[in-house]
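> What follows is the file input_21.tsv, containing TSV, C-alpha atoms:
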chain	number	residue	atom	x	y	z
A	12	MET	CA	38.65	9.99	-1.69
A	13	GLN	CA	37.96	8.23	1.62
A	14	PHE	CA	34.59	6.66	2.45
A	15	LYS	CA	33.62	9.39	4.93
A	16	ASP	CA	34.46	12.10	2.40
A	17	ARG	CA	32.17	10.43	-0.15
A	18	ILE	CA	29.36	10.42	2.41
A	19	LEU	CA	29.88	14.12	3.14
A	20	THR	CA	29.87	14.93	-0.57
A	21	GLN	CA	26.69	12.98	-1.35
A	22	PHE	CA	24.72	14.36	1.61
A	23	LYS	CA	26.12	17.88	1.25
A	24	GLU	CA	22.96	19.18	-0.42
A	25	LEU	CA	20.87	18.06	2.57
A	26	ALA	CA	22.86	20.18	5.07
A	27	LEU	CA	22.51	17.63	7.86
A	28	HIS	CA	24.15	17.92	11.27
A	29	PRO	CA	27.70	16.42	11.36
A	30	LYS	CA	26.63	13.90	14.02
A	31	LEU	CA	23.99	12.53	11.63
A	32	VAL	CA	26.51	12.36	8.79
A	33	ARG	CA	28.78	10.40	11.11
A	34	ALA	CA	25.92	7.98	11.88
A	35	LEU	CA	25.21	7.56	8.16
A	36	ASP	CA	28.89	6.78	7.68
A	37	LYS	CA	28.81	4.11	10.37
A	38	ALA	CA	25.57	2.62	8.98
A	39	GLY	CA	27.11	2.37	5.49
A	40	ILE	CA	24.47	4.61	3.88
A	41	THR	CA	26.51	5.97	1.00
A	42	GLU	CA	24.06	8.19	-0.88
A	43	PRO	CA	20.52	9.56	-0.48
A	44	THR	CA	17.65	7.74	-2.16
A	45	ASP	CA	15.16	9.59	-4.38
A	46	VAL	CA	12.61	10.02	-1.59
A	47	GLN	CA	15.30	11.30	0.79
A	48	MET	CA	16.55	13.86	-1.74
A	49	SER	CA	12.96	15.00	-2.41
A	50	ALA	CA	11.52	15.01	1.12
A	51	ILE	CA	14.37	15.98	3.45
A	52	PRO	CA	15.00	19.55	2.12
A	53	VAL	CA	11.28	20.36	2.39
A	54	ALA	CA	10.94	18.78	5.83
A	55	LEU	CA	13.94	20.77	7.06
A	56	THR	CA	12.03	24.01	6.31
A	57	GLY	CA	9.36	23.04	8.85
A	58	ALA	CA	6.58	22.68	6.25
A	59	ASP	CA	3.89	20.01	6.51
A	60	LEU	CA	4.41	17.27	3.96
A	61	MET	CA	2.54	14.40	2.30
A	62	VAL	CA	4.83	11.88	0.63
A	63	SER	CA	4.02	8.90	-1.56
A	64	ALA	CA	6.85	6.36	-1.50
A	65	LYS	CA	7.00	2.63	-2.03
A	66	THR	CA	8.27	0.11	0.51
A	67	GLY	CA	12.06	-0.15	0.62
A	68	SER	CA	12.62	3.34	-0.80
A	69	GLY	CA	14.40	4.70	2.27
A	70	LYS	CA	11.40	6.66	3.58
A	71	THR	CA	12.18	5.95	7.26
A	72	ALA	CA	15.40	7.94	7.05
A	73	ALA	CA	13.55	10.53	4.95
A	74	PHE	CA	11.45	11.55	7.97
A	75	MET	CA	13.84	10.60	10.77
A	76	LEU	CA	16.85	12.62	9.61
A	77	PRO	CA	14.92	15.94	9.51
A	78	LEU	CA	13.42	15.15	12.94
A	79	LEU	CA	16.82	14.43	14.50
A	80	ASN	CA	18.36	17.42	12.75
A	81	ARG	CA	15.69	19.67	14.27
A	82	LEU	CA	16.21	18.29	17.77
A	83	LEU	CA	19.98	18.72	17.49
A	84	ALA	CA	19.66	22.32	16.29
A	85	ASP	CA	17.72	23.25	19.47
A	86	SER	CA	18.28	20.98	22.48
A	87	ALA	CA	15.30	22.31	24.57
A	88	PRO	CA	16.27	20.32	27.71
A	89	ASN	CA	13.20	21.33	29.74
A	90	SER	CA	10.55	20.34	27.20
A	91	GLY	CA	8.39	17.22	27.07
A	92	THR	CA	8.24	14.81	24.14
A	93	ARG	CA	9.16	16.70	20.97
A	94	GLY	CA	8.66	14.08	18.26
A	95	LEU	CA	5.99	11.40	17.75
A	96	ILE	CA	6.23	8.68	15.10
A	97	LEU	CA	2.96	6.79	14.57
A	98	LEU	CA	3.02	3.40	12.79
A	99	PRO	CA	0.45	0.68	12.02
A	100	THR	CA	2.10	-2.42	13.54
A	101	ARG	CA	4.34	-3.49	16.39
A	102	GLU	CA	6.89	-5.03	14.03
A	103	LEU	CA	7.24	-1.82	12.04
A	104	ALA	CA	7.55	0.17	15.28
A	105	LEU	CA	10.38	-2.09	16.45
A	106	GLN	CA	12.18	-1.68	13.13
A	107	THR	CA	11.76	2.08	13.29
A	108	GLN	CA	13.19	2.07	16.81
A	109	LYS	CA	16.24	0.22	15.51
A	110	MET	CA	16.71	2.76	12.70
A	111	PHE	CA	16.35	5.58	15.22
A	112	GLN	CA	19.05	4.10	17.43
A	113	ASN	CA	21.39	3.81	14.44
A	114	LEU	CA	20.85	7.38	13.23
A	115	ALA	CA	20.94	8.89	16.74
A	116	ALA	CA	23.99	6.87	17.78
A	117	PHE	CA	26.24	9.92	18.23
A	118	THR	CA	23.63	12.15	19.86
A	119	HIS	CA	22.04	12.48	23.29
A	120	ILE	CA	18.54	11.96	21.82
A	121	LYS	CA	16.50	9.02	23.16
A	122	CYS	CA	13.27	7.40	22.04
A	123	GLY	CA	10.54	5.47	23.85
A	124	LEU	CA	8.44	2.65	22.44
A	125	ILE	CA	4.67	2.47	23.10
A	126	ILE	CA	3.08	-0.55	21.39
A	127	GLY	CA	0.45	-3.18	22.10
A	128	GLY	CA	1.37	-6.55	23.55
A	129	GLU	CA	3.63	-5.12	26.26
A	130	ALA	CA	2.97	-4.30	29.91
A	131	PHE	CA	1.28	-0.97	30.62
A	132	SER	CA	3.36	-0.45	33.76
A	133	GLN	CA	6.64	-0.80	31.87
A	134	GLN	CA	5.48	1.75	29.30
A	135	ILE	CA	4.56	4.23	32.04
A	136	VAL	CA	8.18	3.95	33.24
A	137	VAL	CA	9.33	4.72	29.67
A	138	ILE	CA	7.03	7.76	29.48
A	139	ARG	CA	8.25	9.12	32.83
A	140	LYS	CA	11.81	9.12	31.52
A	141	ASN	CA	10.59	11.86	29.16
A	142	PRO	CA	12.22	10.69	25.90
A	143	GLU	CA	12.56	13.30	23.17
A	144	VAL	CA	10.80	10.98	20.70
A	145	ILE	CA	7.97	8.47	21.11
A	146	ILE	CA	7.50	5.65	18.57
A	147	ALA	CA	4.00	4.20	18.90
A	148	THR	CA	1.09	2.27	17.45
A	149	PRO	CA	-2.26	4.15	17.53
A	150	GLY	CA	-4.37	1.85	19.74
A	151	ARG	CA	-1.99	1.63	22.67
A	152	LEU	CA	-1.13	5.34	22.51
A	153	VAL	CA	-4.83	6.29	22.67
A	154	ASP	CA	-5.11	4.11	25.79
A	155	HIS	CA	-2.30	6.05	27.48
A	156	LEU	CA	-3.82	9.39	26.45
A	157	GLY	CA	-7.17	8.30	27.90
A	158	LYS	CA	-5.53	7.50	31.23
A	159	GLY	CA	-3.65	10.79	31.30
A	160	ASN	CA	-0.25	9.06	31.24
A	161	ILE	CA	1.19	11.23	28.48
A	162	ASP	CA	0.72	14.63	26.89
A	163	PHE	CA	2.06	16.25	23.75
A	164	LYS	CA	1.78	19.95	24.59
A	165	ASP	CA	5.47	20.45	23.64
A	166	LEU	CA	5.32	18.27	20.51
A	167	GLU	CA	7.13	19.78	17.54
A	168	VAL	CA	6.86	17.05	14.90
A	169	LEU	CA	4.12	14.45	14.28
A	170	ILE	CA	4.97	11.73	11.76
A	171	LEU	CA	2.40	9.33	10.31
A	172	ASP	CA	4.19	6.44	8.59
A	173	GLU	CA	2.28	4.02	6.35
A	174	ALA	CA	-0.83	6.14	6.81
A	175	ASP	CA	-2.67	4.13	4.17
A	176	ARG	CA	-2.23	0.95	6.17
A	177	MET	CA	-3.38	2.62	9.39
A	178	LEU	CA	-6.53	3.67	7.53
A	179	ASP	CA	-7.04	0.12	6.24
A	180	MET	CA	-6.75	-1.13	9.83
A	181	GLY	CA	-9.47	1.27	11.03
A	182	PHE	CA	-7.23	3.77	12.86
A	183	ALA	CA	-8.60	6.96	11.28
A	184	ASP	CA	-10.41	8.05	14.47
A	185	ASP	CA	-7.37	7.19	16.61
A	186	MET	CA	-5.08	9.24	14.37
A	187	ASN	CA	-7.40	12.23	14.57
A	188	HIS	CA	-7.71	11.83	18.34
A	189	ILE	CA	-3.93	11.74	18.77
A	190	ALA	CA	-3.43	14.74	16.47
A	191	THR	CA	-5.98	16.72	18.47
A	192	ALA	CA	-3.96	16.02	21.63
A	193	CYS	CA	-0.79	17.40	20.03
A	194	ASN	CA	0.57	20.94	20.01
A	195	THR	CA	-1.30	22.79	17.25
A	196	SER	CA	1.85	24.57	16.03
A	197	ARG	CA	3.61	21.28	15.28
A	198	GLN	CA	4.94	20.11	11.92
A	199	THR	CA	3.17	17.06	10.46
A	200	LEU	CA	4.75	14.64	7.98
A	201	LEU	CA	2.57	11.95	6.35
A	202	PHE	CA	4.06	9.03	4.43
A	203	SER	CA	1.92	6.62	2.42
A	204	ALA	CA	2.29	4.11	-0.39
A	205	THR	CA	-0.27	6.22	-2.25
A	206	LEU	CA	-1.80	9.66	-1.85
A	207	GLN	CA	-4.88	8.44	-3.73
A	208	HIS	CA	-6.16	6.21	-0.91
A	209	ARG	CA	-9.95	6.31	-0.74
A	210	ALA	CA	-9.98	7.18	2.99
A	211	LEU	CA	-7.06	9.62	3.08
A	212	GLY	CA	-9.48	12.54	3.23
A	213	ARG	CA	-10.49	11.45	6.72
A	214	ILE	CA	-7.11	12.50	8.13
A	215	THR	CA	-5.82	15.25	5.81
A	216	GLY	CA	-7.28	17.82	8.21
A	217	ILE	CA	-4.39	16.89	10.52
A	218	LEU	CA	-2.03	18.77	8.18
A	219	LYS	CA	-1.76	22.50	7.44
A	220	THR	CA	-1.44	23.37	3.72
A	221	PRO	CA	0.91	20.42	3.11
A	222	GLN	CA	3.26	20.11	0.18
A	223	SER	CA	2.89	16.83	-1.76
A	224	ILE	CA	5.76	14.71	-3.06
A	225	VAL	CA	5.26	11.60	-5.18
A	226	SER	CA	8.66	9.96	-5.03
A	227	ASP	CA	7.54	6.60	-6.42
A	228	ASN	CA	4.36	5.63	-8.18
A	229	HIS	CA	3.06	2.70	-6.11
A	230	ARG	CA	1.41	1.32	-9.23
A	231	GLN	CA	4.67	1.33	-11.13
A	232	GLU	CA	6.23	-2.05	-11.80
A	233	HIS	CA	9.16	-3.08	-9.62
A	234	THR	CA	11.60	-3.19	-12.54
A	235	ASN	CA	14.22	-5.05	-10.48
A	236	ILE	CA	11.73	-7.79	-9.47
A	237	THR	CA	10.75	-10.66	-11.75
A	238	GLN	CA	7.04	-11.42	-11.24
A	239	GLN	CA	5.59	-14.81	-12.19
A	240	ILE	CA	2.39	-16.81	-11.73
A	241	VAL	CA	1.96	-20.57	-11.34
A	242	LEU	CA	-1.47	-22.19	-11.78
A	243	ALA	CA	-2.68	-24.45	-8.97
A	244	ASP	CA	-5.67	-26.69	-8.24
A	245	ASP	CA	-6.16	-26.30	-4.48
A	246	ASP	CA	-4.34	-25.61	-1.18
A	247	GLN	CA	-2.77	-29.07	-1.02
A	248	HIS	CA	-1.40	-28.63	-4.53
A	249	LYS	CA	-0.10	-25.20	-3.54
A	250	GLN	CA	1.74	-26.67	-0.55
A	251	LYS	CA	3.61	-29.05	-2.88
A	252	LEU	CA	4.31	-26.21	-5.32
A	253	ILE	CA	5.82	-24.06	-2.57
A	254	ALA	CA	8.28	-26.80	-1.59
A	255	ALA	CA	9.21	-27.43	-5.25
A	256	LEU	CA	9.67	-23.73	-6.05
A	257	VAL	CA	11.89	-23.14	-3.02
A	258	ASP	CA	14.09	-26.05	-4.11
A	259	GLU	CA	14.15	-24.91	-7.75
A	260	GLU	CA	15.13	-21.36	-6.84
A	261	GLY	CA	17.71	-22.34	-4.23
A	262	ALA	CA	16.78	-19.18	-2.31
A	263	ASP	CA	18.33	-18.55	1.11
A	264	LYS	CA	15.50	-16.35	2.41
A	265	VAL	CA	11.91	-16.90	1.30
A	266	PHE	CA	8.82	-14.94	2.37
A	267	VAL	CA	5.46	-16.71	1.84
A	268	PHE	CA	2.18	-14.80	2.16
A	269	CYS	CA	-1.12	-16.43	3.16
A	270	LYS	CA	-4.59	-14.99	3.55
A	271	THR	CA	-5.55	-16.69	6.83
A	272	ARG	CA	-3.98	-17.88	10.07
A	273	ASP	CA	-5.09	-21.47	9.33
A	274	GLN	CA	-3.29	-21.42	5.98
A	275	CYS	CA	-0.15	-20.12	7.72
A	276	GLN	CA	-0.16	-22.92	10.25
A	277	GLN	CA	-1.03	-25.68	7.77
A	278	LEU	CA	1.60	-24.57	5.27
A	279	GLY	CA	4.20	-24.15	7.99
A	280	SER	CA	3.53	-27.66	9.30
A	281	SER	CA	3.63	-29.12	5.78
A	282	LEU	CA	6.99	-27.51	4.97
A	283	LYS	CA	8.43	-28.48	8.35
A	284	TYR	CA	7.39	-32.08	7.70
A	285	GLY	CA	9.42	-31.86	4.47
A	286	ASP	CA	12.54	-30.93	6.50
A	287	HIS	CA	12.47	-27.25	5.56
A	288	LYS	CA	13.70	-24.67	8.07
A	289	VAL	CA	10.42	-22.80	8.39
A	290	ALA	CA	8.39	-20.73	10.85
A	291	PHE	CA	5.14	-18.79	10.63
A	292	ILE	CA	3.75	-15.60	12.16
A	293	HIS	CA	0.23	-14.17	12.35
A	294	GLY	CA	-1.69	-11.70	14.49
A	295	GLU	CA	-2.60	-14.21	17.22
A	296	ILE	CA	1.00	-15.14	18.00
A	297	PRO	CA	2.38	-13.26	21.05
A	298	GLN	CA	4.66	-10.33	20.27
A	299	SER	CA	7.64	-11.88	22.08
A	300	ASP	CA	7.35	-15.06	19.97
A	301	ARG	CA	7.03	-13.10	16.74
A	302	LYS	CA	10.12	-11.07	17.62
A	303	GLN	CA	12.08	-14.28	18.25
A	304	VAL	CA	10.96	-15.73	14.90
A	305	MET	CA	11.93	-12.55	13.04
A	306	ASN	CA	15.39	-12.53	14.62
A	307	ARG	CA	15.96	-16.16	13.62
A	308	PHE	CA	14.85	-15.35	10.06
A	309	ARG	CA	17.21	-12.36	9.86
A	310	ASP	CA	20.08	-14.48	11.19
A	311	GLY	CA	19.48	-17.18	8.56
A	312	LYS	CA	18.42	-19.85	11.07
A	313	ILE	CA	15.05	-19.97	9.30
A	314	ARG	CA	14.93	-20.25	5.53
A	315	ILE	CA	11.18	-19.83	4.95
A	316	LEU	CA	8.92	-17.39	6.80
A	317	VAL	CA	5.16	-17.86	6.30
A	318	ALA	CA	3.02	-14.88	7.30
A	319	THR	CA	-0.33	-13.15	6.95
A	320	ASP	CA	-0.44	-9.64	5.47
A	321	LEU	CA	-1.12	-8.00	8.83
A	322	ALA	CA	1.79	-9.72	10.59
A	323	ALA	CA	4.21	-8.97	7.76
A	324	ARG	CA	3.25	-5.36	7.08
A	325	GLY	CA	6.28	-3.06	7.10
A	326	LEU	CA	8.84	-5.74	7.95
A	327	ASP	CA	12.25	-4.76	6.62
A	328	ILE	CA	14.32	-7.90	6.10
A	329	ALA	CA	17.54	-7.55	4.17
A	330	GLU	CA	18.29	-9.78	1.18
A	331	VAL	CA	15.01	-11.69	0.83
A	332	ASP	CA	15.59	-13.64	-2.39
A	333	LEU	CA	12.08	-14.84	-3.09
A	334	VAL	CA	8.48	-13.91	-2.26
A	335	ILE	CA	5.75	-16.48	-2.87
A	336	ASN	CA	2.07	-15.59	-2.65
A	337	PHE	CA	0.27	-18.71	-1.44
A	338	THR	CA	-2.93	-16.76	-2.07
A	339	VAL	CA	-3.47	-13.83	-4.41
A	340	ALA	CA	-3.44	-10.49	-2.58
A	341	GLN	CA	-6.81	-8.83	-2.00
A	342	SER	CA	-5.81	-5.65	-3.86
A	343	GLY	CA	-3.12	-4.20	-6.07
A	344	ASP	CA	-1.78	-2.14	-3.17
A	345	ASP	CA	-1.51	-5.24	-0.96
A	346	HIS	CA	0.29	-7.04	-3.81
A	347	VAL	CA	2.81	-4.17	-4.04
A	348	HIS	CA	3.49	-4.39	-0.30
A	349	ARG	CA	3.99	-8.15	-0.47
A	350	VAL	CA	6.29	-8.03	-3.47
A	351	GLY	CA	8.24	-5.18	-1.87
A	352	ARG	CA	9.70	-7.61	0.69
A	353	THR	CA	12.22	-8.61	-2.01
A	354	GLY	CA	14.31	-6.52	-4.37
A	355	ARG	CA	14.97	-3.94	-1.66
A	356	ALA	CA	17.54	-1.16	-2.04
A	357	GLY	CA	17.74	-1.82	-5.78
A	358	ARG	CA	18.69	-5.50	-5.51
A	359	ALA	CA	17.25	-8.07	-7.90
A	360	GLY	CA	14.34	-10.09	-6.56
A	361	LYS	CA	11.66	-12.54	-7.61
A	362	ALA	CA	7.97	-12.89	-6.68
A	363	ILE	CA	5.80	-15.89	-7.59
A	364	THR	CA	2.02	-15.94	-7.14
A	365	LEU	CA	0.05	-19.20	-7.00
A	366	VAL	CA	-3.33	-18.86	-8.70
A	367	ASP	CA	-6.27	-21.29	-8.56
A	368	ARG	CA	-9.58	-21.08	-10.43
A	369	THR	CA	-11.19	-18.93	-7.72
A	370	GLU	CA	-8.39	-16.35	-7.90
A	371	TRP	CA	-7.92	-15.81	-11.63
A	372	ASN	CA	-10.18	-12.75	-11.86
A	373	LEU	CA	-8.55	-11.18	-8.79
A	374	MET	CA	-5.10	-11.78	-10.25
A	375	SER	CA	-6.19	-10.23	-13.56
A	376	SER	CA	-7.59	-7.15	-11.80
A	377	ILE	CA	-4.21	-6.66	-10.08
A	378	GLU	CA	-2.46	-6.86	-13.45
A	379	ARG	CA	-4.78	-4.19	-14.83
A	380	TYR	CA	-4.42	-1.97	-11.77
A	381	LEU	CA	-0.62	-2.15	-11.80
A	382	LYS	CA	-0.46	-2.09	-15.62
A	383	ILE	CA	1.82	-5.11	-15.77
A	384	LYS	CA	1.64	-8.65	-17.11
A	385	PHE	CA	2.83	-11.51	-14.94
A	386	GLU	CA	5.10	-14.08	-16.56
A	387	LYS	CA	3.57	-17.57	-16.63
A	388	ARG	CA	5.61	-20.39	-15.14
A	389	GLY	CA	5.10	-24.10	-14.62
A	390	VAL	CA	6.52	-26.80	-12.37
A	391	THR	CA	6.86	-29.86	-14.61
A	392	ALA	CA	6.23	-32.56	-12.02
A	393	LEU	CA	3.32	-30.66	-10.48
A	394	LYS	CA	1.36	-29.42	-13.49
A	395	ALA	CA	-2.10	-28.20	-12.55
A	396	ASN	CA	-5.29	-29.56	-14.06
A	397	TYR	CA	-6.54	-25.98	-14.06
A	398	THR	CA	-5.28	-24.23	-17.18
A	399	GLY	CA	-6.93	-20.84	-16.82
A	400	PRO	CA	-10.30	-19.48	-17.94
A	401	LYS	CA	-11.82	-21.01	-21.04
A	402	LYS	CA	-12.36	-18.70	-23.97
A	403	LEU	CA	-16.03	-18.21	-24.71
A	404	LYS	CA	-17.07	-19.51	-28.09
A	405	ASN	CA	-19.51	-17.59	-30.27
A	406	SER	CA	-22.97	-19.13	-30.01
A	407	GLY	CA	-25.29	-18.85	-32.99
A	408	LYS	CA	-24.57	-17.65	-36.49
A	409	ALA	CA	-23.07	-14.32	-37.12
A	410	SER	CA	-25.42	-11.92	-38.86
A	411	LYS	CA	-24.69	-11.43	-42.53
A	412	PRO	CA	-23.96	-7.98	-43.83
A	413	GLY	CA	-26.68	-6.61	-46.05
A	414	LYS	CA	-29.95	-4.77	-45.87
A	415	ARG	CA	-31.16	-3.89	-42.44
A	416	LYS	CA	-34.68	-4.83	-41.56
A	417	LYS	CA	-36.87	-1.77	-41.59
A	418	ARG	CA	-38.29	-0.75	-38.24
A	419	SER	CA	-42.01	-0.58	-38.16
A	420	GLN	CA	-43.37	2.95	-37.90
A	421	PRO	CA	-45.34	3.80	-34.83
A	422	ARG	CA	-49.06	4.09	-35.45
Show how you would write the structure in this file as structure tokens.

Amino acid sequence: MQFKDRILTQFKELALHPKLVRALDKAGITEPTDVQMSAIPVALTGADLMVSAKTGSGKTAAFMLPLLNRLLADSAPNSGTRGLILLPTRELALQTQKMFQNLAAFTHIKCGLIIGGEAFSQQIVVIRKNPEVIIATPGRLVDHLGKGNIDFKDLEVLILDEADRMLDMGFADDMNHIATACNTSRQTLLFSATLQHRALGRITGILKTPQSIVSDNHRQEHTNITQQIVLADDDQHKQKLIAALVDEEGADKVFVFCKTRDQCQQLGSSLKYGDHKVAFIHGEIPQSDRKQVMNRFRDGKIRILVATDLAARGLDIAEVDLVINFTVAQSGDDHVHRVGRTGRAGRAGKAITLVDRTEWNLMSSIERYLKIKFEKRGVTALKANYTGPKKLKNSGKASKPGKRKKRSQPR
């Protein structure tokens, strides 16, 4: 059986347009993932949908294929924008645009990009071209709505990707504002790492009697990713550990997560001083510079990428061998997103978290939340003085079993 025939067989149940099957063939996507098999048939019916799916599960194609299939089924040449994909960060929007271009390669359907960090005037030109689909970040799109540059009266499908992260970033009001500006008869698809997010109730009114799909439990262990911890004394010790671990692992692509911009810059400078091919990104670096760094990392010109959580959210980099947490993530969900940079598409991966005395309790709470136990690891030449929390010793003598002292009766 030829490759194309295998594609047709494996996507047969999804009843996708032949032009999309052809694009899947060209992209080398050989079979649907679990989230695609679960979400696409429901989305094709036009129902509103809430989907929980972990990073790297194929969720972008899970919402994009039904959208493109709908637009191909009814060309509607005289309508305005028909599809809107809302995402938390510029980097994720750029990646989604790339996926769109791949899946729409054999169609007439075009998309426009509306994100922060780019000229307003250029985006107005994009809007006036009337693309069938807009890919946008909430803040910049609200700005355009406020100036009357765009309307969504013809919108057929609204997609909220990584809704949990948009809530964490304070975009709940923006999401509601955008939804209010959209055609009320639209279909709405919401994708999130978890459907149990504490603030999800602030935006569920956007959807009409949605069906829920839990494709992957975000708290479930990444079974294809080895997770380890290494004890450390301070940031300087951690910098040395990073260099040693990268050398020990012999990894070609390494993602390092830091809590702050200062840590990013200091660690990047330290590794560069040690002749490592390294770069760093954080929220204050211009979008054009971040894009250049990401392209160099994808092309293998950079071996180590140091980033803050915000800058790295949603980045889809193929074949990242190793993730190192310079600092412990602030929550179990953030840890899952960090670790999800490796082991994508079922590949084996490794994640190592550096833990100092101020982070032990946070690390333990993540273990409990995710119901996993991190494997302990050491670096012989860089053994930490910190050995973990000391066990509390019993103070005082244990009470002997026997007669209990009678309580005095109240008078």
> Please identify all polymer residues within 10 Å of Asp154 (chain A), counting all atoms listed in the file, omitting same-chain residues fewer than 6 positions from it, and present them as a PyMOL selection string.
chain A and resi 127+131+160-161+185
> Mind dumping a table of every region 106-192 of chain A residue within 12 Å of region 39-62 of chain A, with the nearest atom pair and its distance in Å to one decimal, using all atoms listed in the file, sorted by chain and rising number, as JSON lines?

{"residue": "A:Met110", "atom": "CA", "partner": "A:Ile40", "partner_atom": "CA", "distance": 11.9}
{"residue": "A:Asn113", "atom": "CA", "partner": "A:Gly39", "partner_atom": "CA", "distance": 10.7}
{"residue": "A:Leu114", "atom": "CA", "partner": "A:Ile40", "partner_atom": "CA", "distance": 10.4}
{"residue": "A:Glu167", "atom": "CA", "partner": "A:Gly57", "partner_atom": "CA", "distance": 9.5}
{"residue": "A:Val168", "atom": "CA", "partner": "A:Gly57", "partner_atom": "CA", "distance": 8.9}
{"residue": "A:Leu169", "atom": "CA", "partner": "A:Asp59", "partner_atom": "CA", "distance": 9.6}
{"residue": "A:Ile170", "atom": "CA", "partner": "A:Leu60", "partner_atom": "CA", "distance": 9.6}
{"residue": "A:Leu171", "atom": "CA", "partner": "A:Met61", "partner_atom": "CA", "distance": 9.5}
{"residue": "A:Asp172", "atom": "CA", "partner": "A:Val62", "partner_atom": "CA", "distance": 9.7}
{"residue": "A:Glu173", "atom": "CA", "partner": "A:Val62", "partner_atom": "CA", "distance": 10.0}
{"residue": "A:Ala174", "atom": "CA", "partner": "A:Met61", "partner_atom": "CA", "distance": 10.0}
{"residue": "A:Asp175", "atom": "CA", "partner": "A:Val62", "partner_atom": "CA", "distance": 11.4}
> Give me, please, the distance in Å between CA of Ile126 (chain A) and CA of Ala147 (chain A), quoted to one decimal.
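If I compute the distance from CA of Ile126 (chain A) to CA of Ala147 (chain A), I get 5.4 Å.
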> Set the distance at 12 Å and use all atoms listed in the file: which residues neighbour Arg349 (chain A) once local chain neighbours fewer than 5 positions away are removed? I'd like the list as a PyMOL selection string.
chain A and resi 65-67+233+236+238+265-270+317-327+331+333-344+354-355+361-364
> Can you list, as an MDAnalysis selection string, every protein, DNA or RNA residue that comes within 12 Å of region 366-369 of chain A when you count all atoms listed in the file, leaving out same-chain residues fewer than 3 positions away?
chainID A and resid 239:249 252 335:340 363 372:375 385 387:389 395:401
> In terms of the shortest atom-to-atom distance over only C-alpha atoms, which of A:Arg358, A:Lys288, A:Lys302, A:Lys283 is closest to Leu103 (chain A)?
A:Lys302
> What's the 9 Å shell around Lys121 (chain A), counting all atoms listed in the file, without same-chain residues fewer than 3 positions away, as a PDB file with C-alpha atoms, in the frame of the given file?

ATOM      1  CA  PHE A 111      16.350   5.580  15.220  1.00  0.00           C
ATOM      2  CA  GLN A 112      19.050   4.100  17.430  1.00  0.00           C
ATOM      3  CA  ALA A 115      20.940   8.890  16.740  1.00  0.00           C
ATOM      4  CA  THR A 118      23.630  12.150  19.860  1.00  0.00           C
ATOM      5  CA  ASN A 141      10.590  11.860  29.160  1.00  0.00           C
ATOM      6  CA  PRO A 142      12.220  10.690  25.900  1.00  0.00           C
ATOM      7  CA  GLU A 143      12.560  13.300  23.170  1.00  0.00           C
ATOM      8  CA  VAL A 144      10.800  10.980  20.700  1.00  0.00           C
ATOM      9  CA  ILE A 145       7.970   8.470  21.110  1.00  0.00           C
TER      10      ILE A 145
END
> Would you list the residues near (5.8, 19.7, 28.1), meaning any protein, DNA or RNA residue with an atom at most 7 Å from that point in file coordinates, counting only C-alpha atoms, as a PyMOL selection string?
chain A and resi 90-92+163-165
> I'd like to know which of A:Ala392, A:Leu31, A:Ala183, A:Ala104 is closest to Leu83 (chain A), using all atoms listed in the file.
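Among the listed residues, A:Leu31 lies closest to Leu83 (chain A).
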